[in-house]
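Each remark here refers to the structure printed beneath this line.
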Amino acid sequence: MRCLLVGFSLLATLAAAPARADQLPIFDAHMHYSHDAWDVVPPREVVEILKKAGVKRAMVSSSNNEGTRMLQDVAPDVIVPELRPYRSRGEISTWAKDPTVIPFLEDLLSKRRYRAIGEFHIYGADADLPNMRRVVELASQYGLYLHSHSDADAVVRHFRQDPKAKVLWAHSGFERPEKVREMLRTYPTLWCDLAFLTSHASNGKVAPGWREAFLEFPDRFVLGTDTFTPERWHYVIEHARWSRQWLADLPPDVARKIAYENGDRLFGGELGGKPEGGAVGGRR
């Protein structure tokens, strides 16, 4: 009887034990599935790649936004939708001054549910252009995050326009960790993704400056692969493996937060609700 009780106790302990770093699920907060990827990597293949990589959920945007809808149709419990201001890749450098962008965004927001607006590219004083100002207003109106690929100057301007804005800083601005820490101390509703930022870790070890940032702000970082070209989808599994390697160099609770807990908390959950004139849960 005692052996049986010990056996049950051991099983309970193992069941409650947190996953090892090499087994951590991942919330990927920076993915794209744009028009040039649809034929190269069909939706069901994308979902299979995510499954093999151990990506439990992924926040996805796409240039013309149809790619995001296609993935949601295949895996609604996995794909977290993000609204991108671009109809095609060529609009990365023109969207902020294009008068047709805002009606495009407003129309989609009236029909579907999203978690964020972005990823958009904006730098410096361009963050004060009318289009960007309206995007900040729309994010506030719909309770969305701003996924901003920008320099620190543009991020500061987002918060000047709306001190309560929720900003996900793409690639951590490709900034030095000291600057990232300064920004996180200044803006409590700023979070950082680590997509395509290779300076934070190498050879399975976290760089010293980034270690301090992660330990000071364990709740403010999320992972991202940035599938900005179709070929990047074939890198997702390798990127997940690499992420788990350097996460293993952090305390387990910090590793879990960056791997998936922060993403779940910020972007997870049901979309719910019904936009005026639109459909429930992001489905048309």
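In the structure tokens, chains take letters A, B, ... by order of appearance, with residues numbered from 1 within each chain and ligands from 1 in the order shown.
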Closest contacts (segment 154-237 of chain A/segment 45-53 of chain A, max 10 Å, only C-alpha atoms) as CSV:
```
residue,atom,partner,partner_atom,distance
A:Trp233,CA,A:Val46,CA,7.4
A:His234,CA,A:Ile49,CA,7.9
A:Tyr235,CA,A:Ile49,CA,9.4
A:Val236,CA,A:Ala53,CA,6.6
A:Ile237,CA,A:Ala53,CA,4.4
```
If you run DSSP on the backbone, which residues of segment 94-273 of chain A are helix (DSSP H, G or I), as a PyMOL selection string? chain A and resi 95-97+101-111+124-128+130-142+152-161+170-174+177-186+198-200+208-216+230-247+252-267
Kindly save the residues from that selection, with C-alpha atoms included, as a CSV table (one decimal), in the first residue's frame.
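Wrote it out as again26.csv, contents follow:
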```csv
chain,number,residue,atom,x,y,z
A,95,TRP,CA,1.4,53.3,-46.3
A,96,ALA,CA,1.9,56.2,-43.9
A,97,LYS,CA,1.2,58.8,-46.6
A,101,VAL,CA,-5.1,53.0,-46.1
A,102,ILE,CA,-7.3,54.3,-43.3
A,103,PRO,CA,-10.7,53.5,-45.0
A,104,PHE,CA,-9.2,50.0,-45.7
A,105,LEU,CA,-8.4,49.5,-42.1
A,106,GLU,CA,-11.7,50.9,-40.8
A,107,ASP,CA,-13.6,48.6,-43.2
A,108,LEU,CA,-11.8,45.5,-41.9
A,109,LEU,CA,-12.1,46.5,-38.3
A,110,SER,CA,-15.9,46.8,-38.7
A,111,LYS,CA,-16.1,43.2,-40.0
A,124,GLY,CA,10.9,59.2,-36.3
A,125,ALA,CA,8.7,62.1,-37.1
A,126,ASP,CA,6.7,60.0,-39.6
A,127,ALA,CA,4.9,58.7,-36.5
A,128,ASP,CA,3.2,62.0,-36.3
A,130,PRO,CA,-2.1,61.7,-40.0
A,131,ASN,CA,-2.3,58.0,-41.0
A,132,MET,CA,-0.2,56.9,-38.0
A,133,ARG,CA,-2.2,59.2,-35.7
A,134,ARG,CA,-5.4,57.6,-36.9
A,135,VAL,CA,-4.0,54.1,-36.4
A,136,VAL,CA,-3.2,55.0,-32.8
A,137,GLU,CA,-6.8,56.2,-32.4
A,138,LEU,CA,-8.2,53.0,-33.9
A,139,ALA,CA,-6.1,50.9,-31.7
A,140,SER,CA,-7.5,52.7,-28.7
A,141,GLN,CA,-11.0,52.5,-30.0
A,142,TYR,CA,-10.9,48.8,-30.5
A,152,ALA,CA,12.7,54.6,-30.1
A,153,ASP,CA,11.7,58.1,-31.4
A,154,ALA,CA,8.5,56.7,-33.1
A,155,VAL,CA,7.6,54.7,-30.0
A,156,VAL,CA,7.9,57.8,-27.9
A,157,ARG,CA,5.5,59.6,-30.3
A,158,HIS,CA,3.0,56.8,-30.0
A,159,PHE,CA,2.8,57.3,-26.3
A,160,ARG,CA,2.7,61.1,-26.6
A,161,GLN,CA,-0.4,60.7,-28.8
A,170,ALA,CA,8.9,44.7,-33.1
A,171,HIS,CA,12.5,43.4,-32.9
A,172,SER,CA,12.9,45.4,-29.7
A,173,GLY,CA,13.7,48.2,-32.0
A,174,PHE,CA,17.0,46.5,-32.9
A,177,PRO,CA,19.5,46.2,-24.2
A,178,GLU,CA,20.3,49.3,-22.1
A,179,LYS,CA,18.0,51.4,-24.3
A,180,VAL,CA,15.3,48.8,-24.2
A,181,ARG,CA,15.4,48.7,-20.4
A,182,GLU,CA,15.2,52.5,-20.3
A,183,MET,CA,12.1,52.4,-22.6
A,184,LEU,CA,10.5,49.7,-20.6
A,185,ARG,CA,11.0,51.6,-17.3
A,186,THR,CA,9.5,54.7,-18.9
A,198,THR,CA,20.2,37.8,-32.8
A,199,SER,CA,22.3,39.9,-30.5
A,200,HIS,CA,20.5,38.7,-27.4
A,208,PRO,CA,24.9,39.7,-20.5
A,209,GLY,CA,23.1,42.9,-21.3
A,210,TRP,CA,20.0,41.1,-22.4
A,211,ARG,CA,20.1,38.8,-19.4
A,212,GLU,CA,19.7,41.8,-17.2
A,213,ALA,CA,16.8,43.1,-19.3
A,214,PHE,CA,15.0,39.7,-19.2
A,215,LEU,CA,15.5,39.4,-15.4
A,216,GLU,CA,14.4,43.0,-14.7
A,230,PRO,CA,7.8,32.5,-47.9
A,231,GLU,CA,11.2,30.8,-47.3
A,232,ARG,CA,11.2,31.8,-43.7
A,233,TRP,CA,8.4,29.4,-43.0
A,234,HIS,CA,10.9,26.6,-43.5
A,235,TYR,CA,13.0,28.1,-40.7
A,236,VAL,CA,10.3,28.1,-38.0
A,237,ILE,CA,11.1,24.7,-36.5
A,238,GLU,CA,14.9,25.5,-36.4
A,239,HIS,CA,14.1,28.9,-34.9
A,240,ALA,CA,11.9,27.3,-32.2
A,241,ARG,CA,14.7,24.9,-31.3
A,242,TRP,CA,17.3,27.7,-31.1
A,243,SER,CA,14.9,29.7,-28.9
A,244,ARG,CA,14.6,26.9,-26.5
A,245,GLN,CA,18.4,26.5,-26.3
A,246,TRP,CA,19.0,30.1,-25.1
A,247,LEU,CA,15.8,30.1,-22.9
A,252,PRO,CA,12.9,28.4,-15.5
A,253,ASP,CA,10.1,30.9,-14.5
A,254,VAL,CA,11.6,33.6,-16.8
A,255,ALA,CA,12.0,31.1,-19.6
A,256,ARG,CA,8.4,30.1,-19.4
A,257,LYS,CA,7.2,33.6,-19.4
A,258,ILE,CA,9.1,34.6,-22.5
A,259,ALA,CA,8.4,31.3,-24.3
A,260,TYR,CA,4.6,31.4,-24.0
A,261,GLU,CA,3.1,32.8,-20.8
A,262,ASN,CA,3.5,36.4,-21.7
A,263,GLY,CA,2.0,35.8,-25.2
A,264,ASP,CA,-0.9,33.9,-23.7
A,265,ARG,CA,-1.6,36.7,-21.2
A,266,LEU,CA,-1.3,39.5,-23.7
A,267,PHE,CA,-2.8,38.1,-26.9
```
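The spacing separating atom CA of Asp151 of chain A from atom CA of Tyr123 of chain A amounts to 5.6 Å.
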Pairwise distance for atom CA of Tyr33 of chain A and atom CA of Ser202 of chain A, rounded to one decimal in Å: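 According to the coordinates, atom CA of Tyr33 of chain A and atom CA of Ser202 of chain A are separated by 27.5 Å.
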Would you kindly return, as a PyMOL selection string, each protein, DNA or RNA residue with an atom no farther than 7 Å from any atom of Ser63 of chain A, considering only C-alpha atoms and excluding same-chain residues fewer than 6 positions away? chain A and resi 34-35+84+86-89
Long-range neighbours of Gly67 of chain A as a ChimeraX atom specification, 10 Å cut-off, only C-alpha atoms, 2 positions minimum in chain: /A:32-38,42-43,60-65,69-73,81
Enter the distance from atom CA of Trp169 of chain A to atom CA of Lys56 of chain A, in Å, rounded to one decimal.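 Between atom CA of Trp169 of chain A and atom CA of Lys56 of chain A the gap works out to 21.6 Å.
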In segment 50-278 of chain A, what's strand (DSSP E) per DSSP? Answer as a ChimeraX atom specification? /A:55-61,79-83,116-121,145-149,167-169,190-193,201-202,205-206,221-222
Expected file contents, prior selection, N, CA and C atoms, as a compact mmCIF listing (two decimals), in the first residue's frame:
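Writing done, so here's selection09.txt:
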```txt
# COMPACT_ATOMS: atom_id res chain seq x y z
N VAL A 55 4.79 25.31 -31.58
CA VAL A 55 4.18 26.64 -31.45
C VAL A 55 2.70 26.45 -31.15
N LYS A 56 2.31 26.73 -29.91
CA LYS A 56 0.93 26.50 -29.49
C LYS A 56 -0.03 27.54 -30.08
N ARG A 57 0.46 28.78 -30.21
CA ARG A 57 -0.33 29.83 -30.83
C ARG A 57 0.62 30.79 -31.54
N ALA A 58 0.10 31.46 -32.58
CA ALA A 58 0.92 32.38 -33.34
C ALA A 58 0.09 33.61 -33.70
N MET A 59 0.63 34.78 -33.45
CA MET A 59 -0.03 36.02 -33.88
C MET A 59 0.46 36.32 -35.29
N VAL A 60 -0.48 36.36 -36.23
CA VAL A 60 -0.14 36.42 -37.65
C VAL A 60 -0.78 37.64 -38.29
N SER A 61 0.00 38.33 -39.10
CA SER A 61 -0.52 39.36 -39.99
C SER A 61 -0.13 39.00 -41.41
N ILE A 79 -4.32 30.40 -34.50
CA ILE A 79 -3.97 31.67 -35.13
C ILE A 79 -4.62 32.84 -34.41
N VAL A 80 -3.79 33.78 -33.98
CA VAL A 80 -4.25 35.04 -33.38
C VAL A 80 -4.14 36.11 -34.45
N PRO A 81 -5.25 36.73 -34.85
CA PRO A 81 -5.22 37.64 -36.00
C PRO A 81 -4.73 39.04 -35.66
N GLU A 82 -3.92 39.56 -36.56
CA GLU A 82 -3.37 40.91 -36.45
C GLU A 82 -3.65 41.63 -37.77
N LEU A 83 -4.11 42.87 -37.70
CA LEU A 83 -4.50 43.63 -38.88
C LEU A 83 -3.33 44.44 -39.40
N ALA A 116 -4.28 43.07 -32.67
CA ALA A 116 -3.30 44.14 -32.83
C ALA A 116 -3.41 44.73 -34.22
N ILE A 117 -2.85 45.92 -34.38
CA ILE A 117 -2.66 46.52 -35.70
C ILE A 117 -1.16 46.51 -35.96
N GLY A 118 -0.76 45.89 -37.06
CA GLY A 118 0.64 45.80 -37.38
C GLY A 118 0.95 44.47 -38.06
N GLU A 119 2.13 44.13 -38.17
CA GLU A 119 3.30 44.93 -37.91
C GLU A 119 3.39 46.00 -38.99
N PHE A 120 3.56 47.26 -38.58
CA PHE A 120 3.75 48.36 -39.52
C PHE A 120 5.13 48.96 -39.30
N HIS A 121 5.64 49.60 -40.34
CA HIS A 121 6.98 50.21 -40.29
C HIS A 121 6.82 51.73 -40.23
N TYR A 145 -3.40 46.26 -29.63
CA TYR A 145 -1.99 46.58 -29.51
C TYR A 145 -1.49 47.19 -30.81
N LEU A 146 -0.51 48.08 -30.69
CA LEU A 146 0.20 48.62 -31.84
C LEU A 146 1.50 47.83 -32.00
N HIS A 147 1.64 47.09 -33.09
CA HIS A 147 2.84 46.30 -33.33
C HIS A 147 3.74 47.12 -34.24
N SER A 148 4.66 47.83 -33.63
CA SER A 148 5.40 48.89 -34.30
C SER A 148 6.84 48.50 -34.59
N HIS A 149 7.18 48.40 -35.88
CA HIS A 149 8.56 48.21 -36.32
C HIS A 149 9.13 49.61 -36.48
N VAL A 167 1.79 49.03 -26.80
CA VAL A 167 2.72 48.94 -27.92
C VAL A 167 3.57 47.68 -27.80
N LEU A 168 3.59 46.89 -28.87
CA LEU A 168 4.52 45.77 -29.00
C LEU A 168 5.62 46.24 -29.95
N TRP A 169 6.82 46.39 -29.41
CA TRP A 169 7.94 46.95 -30.17
C TRP A 169 8.61 45.83 -30.95
N LEU A 190 4.50 49.10 -22.66
CA LEU A 190 5.37 48.75 -23.79
C LEU A 190 5.87 47.33 -23.58
N TRP A 191 5.77 46.52 -24.62
CA TRP A 191 6.32 45.16 -24.62
C TRP A 191 7.23 45.02 -25.83
N CYS A 192 8.12 44.03 -25.82
CA CYS A 192 9.11 43.87 -26.88
C CYS A 192 9.07 42.46 -27.45
N ASP A 193 9.06 42.36 -28.78
CA ASP A 193 9.29 41.03 -29.36
C ASP A 193 10.75 40.89 -29.73
N ALA A 201 21.42 36.45 -27.92
CA ALA A 201 21.89 35.12 -27.55
C ALA A 201 22.75 34.53 -28.65
N SER A 202 23.72 33.72 -28.24
CA SER A 202 24.53 32.95 -29.19
C SER A 202 25.10 31.73 -28.48
N LYS A 205 23.64 30.67 -25.18
CA LYS A 205 23.81 31.51 -24.01
C LYS A 205 23.20 32.89 -24.26
N VAL A 206 22.64 33.46 -23.20
CA VAL A 206 22.05 34.79 -23.28
C VAL A 206 23.15 35.83 -23.06
N PHE A 221 8.63 40.56 -22.52
CA PHE A 221 9.24 40.06 -23.76
C PHE A 221 8.46 38.87 -24.29
N VAL A 222 8.39 38.78 -25.63
CA VAL A 222 7.77 37.63 -26.30
C VAL A 222 8.66 37.20 -27.46
```
Counting only C-alpha atoms, which of A:Pro251, A:Gly54, A:Gly268, A:Gly224 gets nearest to His30 of chain A? A:Gly224
With distances taken over only C-alpha atoms, the candidate from A:Pro188, A:Pro85, A:Gly204, A:Gly143 nearest Arg220 of chain A is A:Pro188
